[in-house]
Amino acid sequence: MPSKGIDIFSYISVDDYTVEFTVPAATVLNTAEDNFQVKHLEMNSSDIDGFGHYTGRFQWRVLHHGQEVATAYNEVNTLTGKLHGGTMTATVDFSPIVTPNAIITYGFYAAGHGEFGLTNHHQCYVTICSRANESWMGAVAPPGSQAAQKPFSRFVLAAPHDNGMNSMISCDAVLSAADQDTVDELRKHFPALRFFEEMPSHLLLHKLPNIVYGVAITQKKEIPIMLDLGARYFEFRPAKLLPIFRKISQMPDKFYFQHACIPGLAFDEFLAQQVRFLDDHPTEFVVIHIRSDNIVKDCIQPTNDQVNAMLTAACEQARKAPLSWGGRELFSQPIDTLRRAGQRLICVSHAEKYDSWTAKAYATLEAKPILDQFESMNTEGQESTDLTVLQCQGTSQSIKEVLVHSVISAHAANSCLSSTKARFDTQTLPWIRENALDRLQAERTIVIMNDFIDGATTDTSILLSRQRLEN
């Protein structure tokens, strides 16, 4: 009989929470004991009531003391595997759910038939972390404590990968006005379009939103919720719009996060959100890393003076206590010293990174090449750099067949970026928890980067920060 498989994952770090996953005739109940485990449900047409009926409901429920506090579902056709409605049919739907003591994040990947190495099982994950994460730095290094006398570099920071690509708002603003001339211009600048050289421009025009969605949208949360989850390191690539976008759109003439030449969050809005958070959370810090890699040359980048002026202007908006920013020299300063001086926004520009990422290793649908990169890293490699970065997310969109298939068959819940999210996390995050501090012992800030930032990633950074600050 027809059936469709669904792989399920959960992470729970708040007491008295469980996650229930169900399909017709089967239920799995996960507790914190099941963190980082992969489980499987099979939706069989034989379990769906009604002759000739093939569509059943997959659902998860978050329970607190046995009472439902959050839920989502999709209707899955067991004959075709396709979704026939539900509340998880598009990444934009996956808004975090905040309860009085927890933040719930989740995601769903709608799999095809396993083409080009992609999984043929739908993927669903749910993570639950504490609301206390919004002030975790104050918890692991309280003001006046021995831990707070240690250098800032002892912190391990969670980082949303390409945090400025957290919605399609800016993309839609420019792509909605695009025409064939825009496509011809984009072919010169947007690397992903090299996989579509044979597609006529008038056809490619209609696929642009799907291509951008599959290649560039790596987050689904607003900056404030990323901060509440516990993220504290943000890379930002600011630049003006591509000239053709400036010509056809009505977007303000300012600096935006750029994925090649695809615009995301505006830089001034990003800074304002960071300052509001720091103003409301006096024990916390944020690190911003200004980068220019992969920005096309026709997108005008800000000068150092412009960036500095924007940082200063943003800090001046703090109202509850003085706030200032500084550079890489702050990494070596004691945590309490920085707090007393109000220097809680650290901004570095083009800092040297000891990074696990390579184009070859990360163009993968399996976690092993990433784990091999982790295994190759050591303390000696850290010494001449400012930051050590462990990247958990793959870049499967760099595999031609995977990207083309995801775009051609696109619907809003099958971005190839989401196909590996949970499966990789169940391997990369445990490796980091068990091995990172033994292998990487230099006095350098460690960053754990991930797509679709979640509680499992941020909790990992908090756990390792606590361990480093206790030594």
# chains A, B, ... in the order shown; residues from 1 in each chain; ligands from 1
>>> residues_around(residues="Glu197 of chain A", least_positions_apart="4", cutoff="12 Å", atoms="only C-alpha atoms", output="list in words")
Val183, Asp184, Leu186, Arg187, Lys188, Phe190, Pro191, Ala192, Leu193, Ser201, Leu203, Leu204, Lys400 and Val404 of chain A
>>> residues_around(residues="Ser396 of chain A", least_positions_apart="4", cutoff="10 Å", atoms="only C-alpha atoms", output="number ranges by chain")
A: 118, 214-215, 362-366, 400-403, 415-420
>>> write_last_selection(atoms="C-alpha atoms", output="PDB file, in the first residue's frame")
ATOM      1  CA  LEU A 118      18.063  14.266  -1.566  1.00  0.00           C
ATOM      2  CA  GLY A 214      16.264  28.086  -2.368  1.00  0.00           C
ATOM      3  CA  VAL A 215      19.693  29.691  -2.382  1.00  0.00           C
ATOM      4  CA  TYR A 362      30.088  21.965   2.523  1.00  0.00           C
ATOM      5  CA  ALA A 363      28.520  21.242  -0.873  1.00  0.00           C
ATOM      6  CA  THR A 364      27.063  18.101   0.632  1.00  0.00           C
ATOM      7  CA  LEU A 365      23.873  16.276   1.518  1.00  0.00           C
ATOM      8  CA  GLU A 366      25.626  14.283   4.237  1.00  0.00           C
ATOM      9  CA  LYS A 400      23.816  21.883  -9.512  1.00  0.00           C
ATOM     10  CA  GLU A 401      21.317  19.032  -9.751  1.00  0.00           C
ATOM     11  CA  VAL A 402      20.025  19.629  -6.221  1.00  0.00           C
ATOM     12  CA  LEU A 403      19.430  23.331  -6.779  1.00  0.00           C
ATOM     13  CA  SER A 415      14.079  24.561  -0.118  1.00  0.00           C
ATOM     14  CA  CYS A 416      17.155  22.361  -0.395  1.00  0.00           C
ATOM     15  CA  LEU A 417      18.592  24.373   2.501  1.00  0.00           C
ATOM     16  CA  SER A 418      15.957  22.903   4.811  1.00  0.00           C
ATOM     17  CA  SER A 419      16.411  19.314   3.622  1.00  0.00           C
ATOM     18  CA  THR A 420      19.522  18.788   5.748  1.00  0.00           C
TER      19      THR A 420
END
>>> select_by_dssp(residues="segment 228-428 of chain A", states="alpha helix (DSSP H)", output="ChimeraX atom specification")
/A:228-229,243-248,267-280,304-315,335-341,359-362,368-376,379-382,400-408,416-419,421-428
>>> closest_residue(among="A:Gln441, A:Ser95, A:Gln59, A:Gln333", to="Thr379 of chain A", atoms="only C-alpha atoms")
A:Gln441
>>> closest_atom_pairs(of="segment 51-140 of chain A", to="segment 462-470 of chain A", cutoff="12 Å", atoms="only C-alpha atoms", output="tab-separated table")
residue	atom	partner	partner_atom	distance
A:Cys129	CA	A:Ile462	CA	11.3
A:Ser130	CA	A:Ile462	CA	11.5
A:Ala132	CA	A:Ile462	CA	11.2
A:Asn133	CA	A:Ile462	CA	8.4
A:Glu134	CA	A:Ile462	CA	11.1
A:Ser135	CA	A:Ile462	CA	10.6
A:Trp136	CA	A:Ile462	CA	7.0
A:Met137	CA	A:Ile462	CA	8.0
A:Gly138	CA	A:Arg466	CA	11.0
A:Ala139	CA	A:Arg466	CA	9.0
A:Val140	CA	A:Arg466	CA	5.5
>>> atom_distance(atom1="atom CA of Gln258 of chain A", atom2="atom CA of Ile370 of chain A")
25.0 Å
>>> closest_residue(among="A:Gly394, A:Pro369, A:Gly50, A:Gly85", to="Asn450 of chain A", atoms="only C-alpha atoms")
A:Gly394
>>> closest_residue(among="A:Gly66, A:Gly112, A:Pro100, A:Gly342", to="Thr78 of chain A", atoms="only C-alpha atoms")
A:Gly112
>>> closest_residue(among="A:Phe196, A:Phe374, A:Trp325, A:Trp357", to="Asn308 of chain A", atoms="only C-alpha atoms")
A:Trp325
>>> closest_residue(among="A:Leu387, A:Ala321, A:Val76, A:Leu429", to="Glu352 of chain A", atoms="only C-alpha atoms")
A:Leu387
>>> closest_residue(among="A:Ala110, A:Ala422, A:Ala32, A:Leu242", to="Ala90 of chain A", atoms="only C-alpha atoms")
A:Ala110
>>> residues_around(residues="Thr27 of chain A", least_positions_apart="3", cutoff="10 Å", atoms="only C-alpha atoms", output="list in words")
Glu20, Phe21, Thr22, Val23, Pro24, Asn30, Leu41, Phe58, Gln59 and Trp60 of chain A
>>> atom_distance(atom1="atom CA of Met310 of chain A", atom2="atom CA of Phe267 of chain A")
8.8 Å
>>> residues_around(residues="Ala314 of chain A", least_positions_apart="2", cutoff="12 Å", atoms="only C-alpha atoms", output="list of chain:residue names")
A:Phe267, A:Asp268, A:Glu269, A:Phe270, A:Leu271, A:Ala272, A:Gln273, A:Gln274, A:Val275, A:Arg276, A:Phe277, A:Leu278, A:Asp279, A:Val307, A:Asn308, A:Ala309, A:Met310, A:Leu311, A:Thr312, A:Glu316, A:Gln317, A:Ala318, A:Arg319, A:Pro322, A:Leu323, A:Ser324, A:Trp325, A:Leu345
>>> residues_around(residues="Leu79 of chain A", least_positions_apart="3", cutoff="7 Å", atoms="only C-alpha atoms", output="list in words")
Pro2, Ser3 and Tyr54 of chain A
>>> write_last_selection(atoms="C-alpha atoms", output="PDB file, in the first residue's frame")
ATOM      1  CA  PRO A   2       1.234   3.571  -0.673  1.00  0.00           C
ATOM      2  CA  SER A   3       3.039   5.260   2.196  1.00  0.00           C
ATOM      3  CA  TYR A  54      -4.776   8.627   0.548  1.00  0.00           C
TER       4      TYR A  54
END
>>> atom_distance(atom1="atom CA of Leu371 of chain A", atom2="atom CA of Leu390 of chain A")
9.9 Å
>>> closest_atom_pairs(of="segment 132-230 of chain A", to="segment 286-297 of chain A", cutoff="9 Å", atoms="only C-alpha atoms", output="CSV")
residue,atom,partner,partner_atom,distance
A:Leu157,CA,A:Val287,CA,8.7
A:His189,CA,A:Val296,CA,6.5
A:Phe190,CA,A:Val296,CA,8.4
A:Leu227,CA,A:Val286,CA,8.9
>>> write_last_selection(atoms="C-alpha atoms", output="CSV table (one decimal), in the first residue's frame")
chain,number,residue,atom,x,y,z
A,157,LEU,CA,28.7,32.5,20.6
A,189,HIS,CA,26.2,38.8,-11.1
A,190,PHE,CA,24.2,36.1,-9.4
A,227,LEU,CA,18.6,37.4,20.2
